[in-house]
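This report refers to the structure that appears directly beneath it.
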Amino acid sequence: MLHPGSEIIREAGGIHKFTNRDRPFITDSGGFQVFSLAYGSVHEELSSKGELKRASRGSKRANSNGSGNPVKVSENGVVFRSYRDGSKFLLTPESTVQAQKDIGADIIIPLDELPPYHIDRNALVESVDRSHRWEARSLKEHLKNINNQAMYCVVHGGVDRELRTKSVDYLTSLPFDGYAIGGSLGNGKQELKELLDWMMPQFDEGERRGKPRHLLGIADEESIRNAVVRGIDTLDSCYPTRVARHGTLLTRNVSLKIRSGRYSRDFGVKIDDKCNCSTCQHYDRAYLWHLFKANEPLAVALAAQHNIHYMNDLMKDIRQSIIDGEI
């Protein structure tokens, strides 16, 4: 949305042509990214790089009366300041749907509010109700011109059983094409697993059973395996590329912290013996150690390429296990 913008992608012929990828695309409203500017992993990473400070200085120059809060929520939508230059942007349920339609997404995620894990229950109730109203508005906008695109709702409620059940019941009563599970998903992998244990059976009731279920923002291997056996069909996350940027390489045994000096003389040793990605075919651990220690941009590209390939292999194995009746 900030760069390059939905207009340019539309002019390029849509996101499939723009990226030269003929597989399905699921796109977010931008809500997760916006609320992550205020807290969460995005906030932490941008803060560590000084991006938010620079944007804050830019916004103060543009508006001396502006506050330092990067995100403001109202019934209309959410206003946020760009981490690039501090300029203001307004997201509404309608505008985010149009942006995703402009770029030609296959599956659209409506605008929702992402409250933090530690939140007062009254505030959480208000947030869930607001997300429901935003999602209903998004669906109404989508149905004006479906254009062979699908829209999933986003179930909210944090780890509160009553609010999650309320969200499931309300959103499944509307004609969404699938169900995404979002919001705060617990304070760790165990709490996520417990949440899915009692929530996922609700999606097997009546007509809900026939629609796909998507888990938003989760993609570490342990959580994927826990989610699939509990009825999750698809997942999305920046996890493989985010950990790659920090020098973590995924393998079938243990993850490698490639910056460690223990890999400095691993000449001829692949990241993962069973991996056939381009990185593993051409480079060894010692060279990748050198690239990361020297802060070479190539390091991140090679690490990300490997991690994405690894995740694709993982999902292929899981799909085969489902076909074979092992899951």
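Residues are referred to by chain and number: the chain letter is A, B, ... according to the order shown in the structure tokens, the number counts from 1 in that chain, and ligands are numbered separately from 1 in the order shown.
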
Practice task
Would you mind listing what lies within 12 Å of Leu298 (chain A) as a list in words, with only C-alpha atoms counted and same-chain residues fewer than 6 positions away left out?
Solution key: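 Those residues are Ala244, Arg245, Gly247, Thr279, Tyr283, Tyr287, Leu288, Trp289, His290, Leu291, Phe292, Ala304 and Gln305 of chain A.
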
Can I get the selection written as a compact mmCIF listing (two decimals), in the first residue's frame, with N, CA, C and O atoms?
# COMPACT_ATOMS: atom_id res chain seq x y z
N ALA A 244 15.32 -15.51 8.72
CA ALA A 244 16.45 -15.51 7.79
C ALA A 244 17.23 -14.21 7.88
O ALA A 244 18.47 -14.20 7.84
N ARG A 245 16.51 -13.09 8.01
CA ARG A 245 17.19 -11.79 8.11
C ARG A 245 18.09 -11.72 9.33
O ARG A 245 19.07 -10.98 9.34
N GLY A 247 19.71 -14.36 10.54
CA GLY A 247 20.73 -15.39 10.50
C GLY A 247 20.32 -16.76 11.00
O GLY A 247 21.17 -17.57 11.34
N THR A 279 20.40 -22.42 -2.81
CA THR A 279 21.43 -22.05 -1.85
C THR A 279 22.24 -23.27 -1.43
O THR A 279 23.48 -23.25 -1.41
N TYR A 283 26.24 -23.28 -2.17
CA TYR A 283 27.03 -22.65 -1.10
C TYR A 283 27.05 -23.51 0.15
O TYR A 283 26.10 -24.25 0.44
N TYR A 287 30.63 -20.34 3.93
CA TYR A 287 30.47 -19.14 3.12
C TYR A 287 29.31 -18.29 3.64
O TYR A 287 29.41 -17.05 3.69
N LEU A 288 28.22 -18.94 4.03
CA LEU A 288 27.09 -18.20 4.57
C LEU A 288 27.46 -17.53 5.90
O LEU A 288 27.04 -16.41 6.17
N TRP A 289 28.24 -18.21 6.71
CA TRP A 289 28.75 -17.59 7.94
C TRP A 289 29.51 -16.32 7.61
O TRP A 289 29.30 -15.27 8.25
N HIS A 290 30.40 -16.40 6.62
CA HIS A 290 31.18 -15.22 6.20
C HIS A 290 30.27 -14.09 5.74
O HIS A 290 30.46 -12.93 6.14
N LEU A 291 29.26 -14.40 4.90
CA LEU A 291 28.38 -13.36 4.37
C LEU A 291 27.64 -12.63 5.50
O LEU A 291 27.53 -11.40 5.49
N PHE A 292 27.15 -13.38 6.46
CA PHE A 292 26.43 -12.75 7.57
C PHE A 292 27.36 -11.93 8.45
O PHE A 292 27.02 -10.81 8.87
N ALA A 304 16.95 -16.50 3.00
CA ALA A 304 15.51 -16.49 2.77
C ALA A 304 15.11 -17.52 1.72
O ALA A 304 14.09 -18.21 1.86
N GLN A 305 15.91 -17.61 0.67
CA GLN A 305 15.62 -18.58 -0.38
C GLN A 305 15.61 -20.00 0.20
O GLN A 305 14.72 -20.80 -0.11

Practice task
Would you mind writing down, as an MDAnalysis selection string, each residue of region 98-283 of chain A that DSSP on the backbone assigns to strand (DSSP E)?
Solution key: chainID A and resid 107:108 150:155 178:181 213:216 234:236 248:249 256:257

Dump of N, CA, C and O atoms for the selected residues, as an mmCIF file, in the first residue's frame:
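Output file part36.cif follows:
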data_model
loop_
_atom_site.group_PDB
_atom_site.id
_atom_site.type_symbol
_atom_site.label_atom_id
_atom_site.label_comp_id
_atom_site.auth_asym_id
_atom_site.auth_seq_id
_atom_site.Cartn_x
_atom_site.Cartn_y
_atom_site.Cartn_z
ATOM 1 N N ILE A 107 -7.711 -14.173 -2.616
ATOM 2 C CA ILE A 107 -8.429 -14.227 -1.344
ATOM 3 C C ILE A 107 -8.168 -12.928 -0.598
ATOM 4 O O ILE A 107 -7.009 -12.545 -0.376
ATOM 5 N N ILE A 108 -9.222 -12.251 -0.205
ATOM 6 C CA ILE A 108 -9.143 -10.938 0.440
ATOM 7 C C ILE A 108 -9.435 -11.081 1.932
ATOM 8 O O ILE A 108 -10.385 -11.765 2.327
ATOM 9 N N ALA A 150 -12.381 -14.248 -3.573
ATOM 10 C CA ALA A 150 -12.992 -14.734 -2.334
ATOM 11 C C ALA A 150 -12.655 -13.787 -1.197
ATOM 12 O O ALA A 150 -11.668 -13.044 -1.250
ATOM 13 N N MET A 151 -13.475 -13.821 -0.151
ATOM 14 C CA MET A 151 -13.186 -13.042 1.052
ATOM 15 C C MET A 151 -13.391 -13.928 2.283
ATOM 16 O O MET A 151 -14.418 -14.595 2.415
ATOM 17 N N TYR A 152 -12.390 -13.939 3.155
ATOM 18 C CA TYR A 152 -12.484 -14.652 4.426
ATOM 19 C C TYR A 152 -12.806 -13.655 5.530
ATOM 20 O O TYR A 152 -12.322 -12.521 5.505
ATOM 21 N N CYS A 153 -13.581 -14.069 6.514
ATOM 22 C CA CYS A 153 -13.742 -13.253 7.717
ATOM 23 C C CYS A 153 -12.541 -13.491 8.633
ATOM 24 O O CYS A 153 -11.720 -14.383 8.383
ATOM 25 N N VAL A 154 -12.427 -12.677 9.684
ATOM 26 C CA VAL A 154 -11.361 -12.855 10.669
ATOM 27 C C VAL A 154 -11.996 -12.970 12.050
ATOM 28 O O VAL A 154 -12.584 -12.016 12.552
ATOM 29 N N VAL A 155 -11.896 -14.157 12.639
ATOM 30 C CA VAL A 155 -12.469 -14.420 13.950
ATOM 31 C C VAL A 155 -11.574 -13.835 15.025
ATOM 32 O O VAL A 155 -10.353 -14.037 15.022
ATOM 33 N N GLY A 178 -14.641 -18.168 3.528
ATOM 34 C CA GLY A 178 -13.790 -18.979 4.389
ATOM 35 C C GLY A 178 -13.589 -18.274 5.709
ATOM 36 O O GLY A 178 -13.998 -17.114 5.890
ATOM 37 N N TYR A 179 -12.950 -18.952 6.636
ATOM 38 C CA TYR A 179 -12.781 -18.435 7.986
ATOM 39 C C TYR A 179 -11.296 -18.316 8.335
ATOM 40 O O TYR A 179 -10.550 -19.298 8.266
ATOM 41 N N ALA A 180 -10.891 -17.122 8.714
ATOM 42 C CA ALA A 180 -9.529 -16.906 9.186
ATOM 43 C C ALA A 180 -9.565 -16.692 10.694
ATOM 44 O O ALA A 180 -10.471 -16.051 11.211
ATOM 45 N N ILE A 181 -8.596 -17.239 11.385
ATOM 46 C CA ILE A 181 -8.486 -17.063 12.829
ATOM 47 C C ILE A 181 -7.385 -16.055 13.071
ATOM 48 O O ILE A 181 -6.238 -16.257 12.669
ATOM 49 N N ARG A 213 -10.373 -23.071 6.500
ATOM 50 C CA ARG A 213 -9.978 -22.378 7.721
ATOM 51 C C ARG A 213 -8.511 -21.967 7.584
ATOM 52 O O ARG A 213 -7.654 -22.775 7.253
ATOM 53 N N HIS A 214 -8.250 -20.728 7.879
ATOM 54 C CA HIS A 214 -6.913 -20.159 7.702
ATOM 55 C C HIS A 214 -6.425 -19.582 9.030
ATOM 56 O O HIS A 214 -7.181 -18.896 9.728
ATOM 57 N N LEU A 215 -5.181 -19.857 9.384
ATOM 58 C CA LEU A 215 -4.593 -19.325 10.611
ATOM 59 C C LEU A 215 -3.661 -18.181 10.244
ATOM 60 O O LEU A 215 -2.675 -18.366 9.520
ATOM 61 N N LEU A 216 -3.975 -16.991 10.749
ATOM 62 C CA LEU A 216 -3.246 -15.783 10.361
ATOM 63 C C LEU A 216 -1.981 -15.583 11.188
ATOM 64 O O LEU A 216 -2.009 -15.650 12.418
ATOM 65 N N THR A 234 -4.844 -23.706 5.876
ATOM 66 C CA THR A 234 -3.761 -22.865 5.355
ATOM 67 C C THR A 234 -3.272 -21.925 6.444
ATOM 68 O O THR A 234 -3.984 -21.647 7.410
ATOM 69 N N LEU A 235 -2.043 -21.441 6.254
ATOM 70 C CA LEU A 235 -1.430 -20.528 7.203
ATOM 71 C C LEU A 235 -0.613 -19.502 6.436
ATOM 72 O O LEU A 235 -0.245 -19.715 5.278
ATOM 73 N N ASP A 236 -0.308 -18.388 7.087
ATOM 74 C CA ASP A 236 0.591 -17.408 6.465
ATOM 75 C C ASP A 236 1.443 -16.771 7.545
ATOM 76 O O ASP A 236 1.023 -16.659 8.697
ATOM 77 N N THR A 248 19.013 -17.053 11.025
ATOM 78 C CA THR A 248 18.544 -18.376 11.427
ATOM 79 C C THR A 248 18.151 -19.166 10.188
ATOM 80 O O THR A 248 17.327 -18.721 9.391
ATOM 81 N N LEU A 249 18.738 -20.349 10.045
ATOM 82 C CA LEU A 249 18.476 -21.210 8.897
ATOM 83 C C LEU A 249 17.738 -22.451 9.379
ATOM 84 O O LEU A 249 18.158 -23.112 10.337
ATOM 85 N N LEU A 256 19.824 -23.495 12.550
ATOM 86 C CA LEU A 256 21.219 -23.046 12.656
ATOM 87 C C LEU A 256 21.281 -21.536 12.865
ATOM 88 O O LEU A 256 20.659 -20.787 12.122
ATOM 89 N N LYS A 257 22.011 -21.101 13.864
ATOM 90 C CA LYS A 257 22.325 -19.683 14.039
ATOM 91 C C LYS A 257 23.646 -19.459 13.311
ATOM 92 O O LYS A 257 24.722 -19.597 13.896
#

Problem - CA of Pro24 (chain A) to CA of Arg209 (chain A), distance in Å rounded to a single decimal - result: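 It comes out at 22.2 Å.
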
Fill in the blank from the handout: In terms of only C-alpha atoms, the residue from A:Glu205, A:Glu221, A:Asp106, A:Asp272 at minimal distance from Ile318 (chain A) is A:Glu221

Exercise for the section: Enumerate as JSON, numbers by chain all residues of region 153-305 of chain A assigned to helix (DSSP H, G or I) by DSSP on the backbone, naming them with the chain letters and numbers the document uses. Expected result: {"A": [161, 162, 163, 164, 165, 166, 167, 168, 169, 170, 171, 189, 190, 191, 192, 193, 194, 195, 196, 197, 198, 199, 200, 201, 202, 203, 204, 206, 207, 208, 209, 210, 221, 222, 223, 224, 225, 226, 227, 228, 239, 240, 241, 242, 243, 244, 245, 261, 262, 263, 278, 279, 280, 281, 282, 285, 286, 287, 288, 289, 290, 291, 292, 293, 297, 298, 299, 300, 301, 302, 303, 304, 305]}

Practice task
Report the distance between CA of Val168 (chain A) and CA of Gly217 (chain A) in Å, rounded to one decimal place.
Solution key: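 Going from CA of Val168 (chain A) over to CA of Gly217 (chain A) covers 18.5 Å.
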
Contacts of Phe267 (chain A) at 7 Å (only C-alpha atoms; same-chain gap of 2+ positions) as a PDB file with C-alpha atoms, in the first residue's frame:
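Contents of around-v4.pdb, as written:
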ATOM      1  CA  ARG A 265      35.071 -23.919   8.872  1.00  0.00           C
ATOM      2  CA  VAL A 269      28.739 -28.749   4.361  1.00  0.00           C
ATOM      3  CA  ASP A 284      28.249 -24.173   2.137  1.00  0.00           C
ATOM      4  CA  ARG A 285      27.791 -23.137   5.763  1.00  0.00           C
ATOM      5  CA  ALA A 286      31.215 -21.519   5.976  1.00  0.00           C
TER       6      ALA A 286
END

Exercise for the section: Kindly give the distance, in Å, that separates CA of Pro175 (chain A) and CA of Ser6 (chain A), rounded to a single decimal. Expected result: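 So the two atoms, CA of Pro175 (chain A) and CA of Ser6 (chain A), lie 26.1 Å apart.
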
Problem - Non-local contacts of Gly158 (chain A) (6 Å; only C-alpha atoms; under 5 positions in same chain excluded) as a PyMOL selection string - result: chain A and resi 183-185

Handout entry: Nearest to Ser131 (chain A), chosen from A:Leu90, A:Val73, A:Leu143, A:Val97, with only C-alpha atoms counted in the distances
Key =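 Closest to Ser131 (chain A), using only C-alpha atoms: A:Val73.
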
Handout entry: Contact residues around Thr27 (chain A) with only C-alpha atoms at 7 Å, ignoring same-chain residues under 2 positions, as a PyMOL selection string
Key = chain A and resi 25+29+100+105+107-109
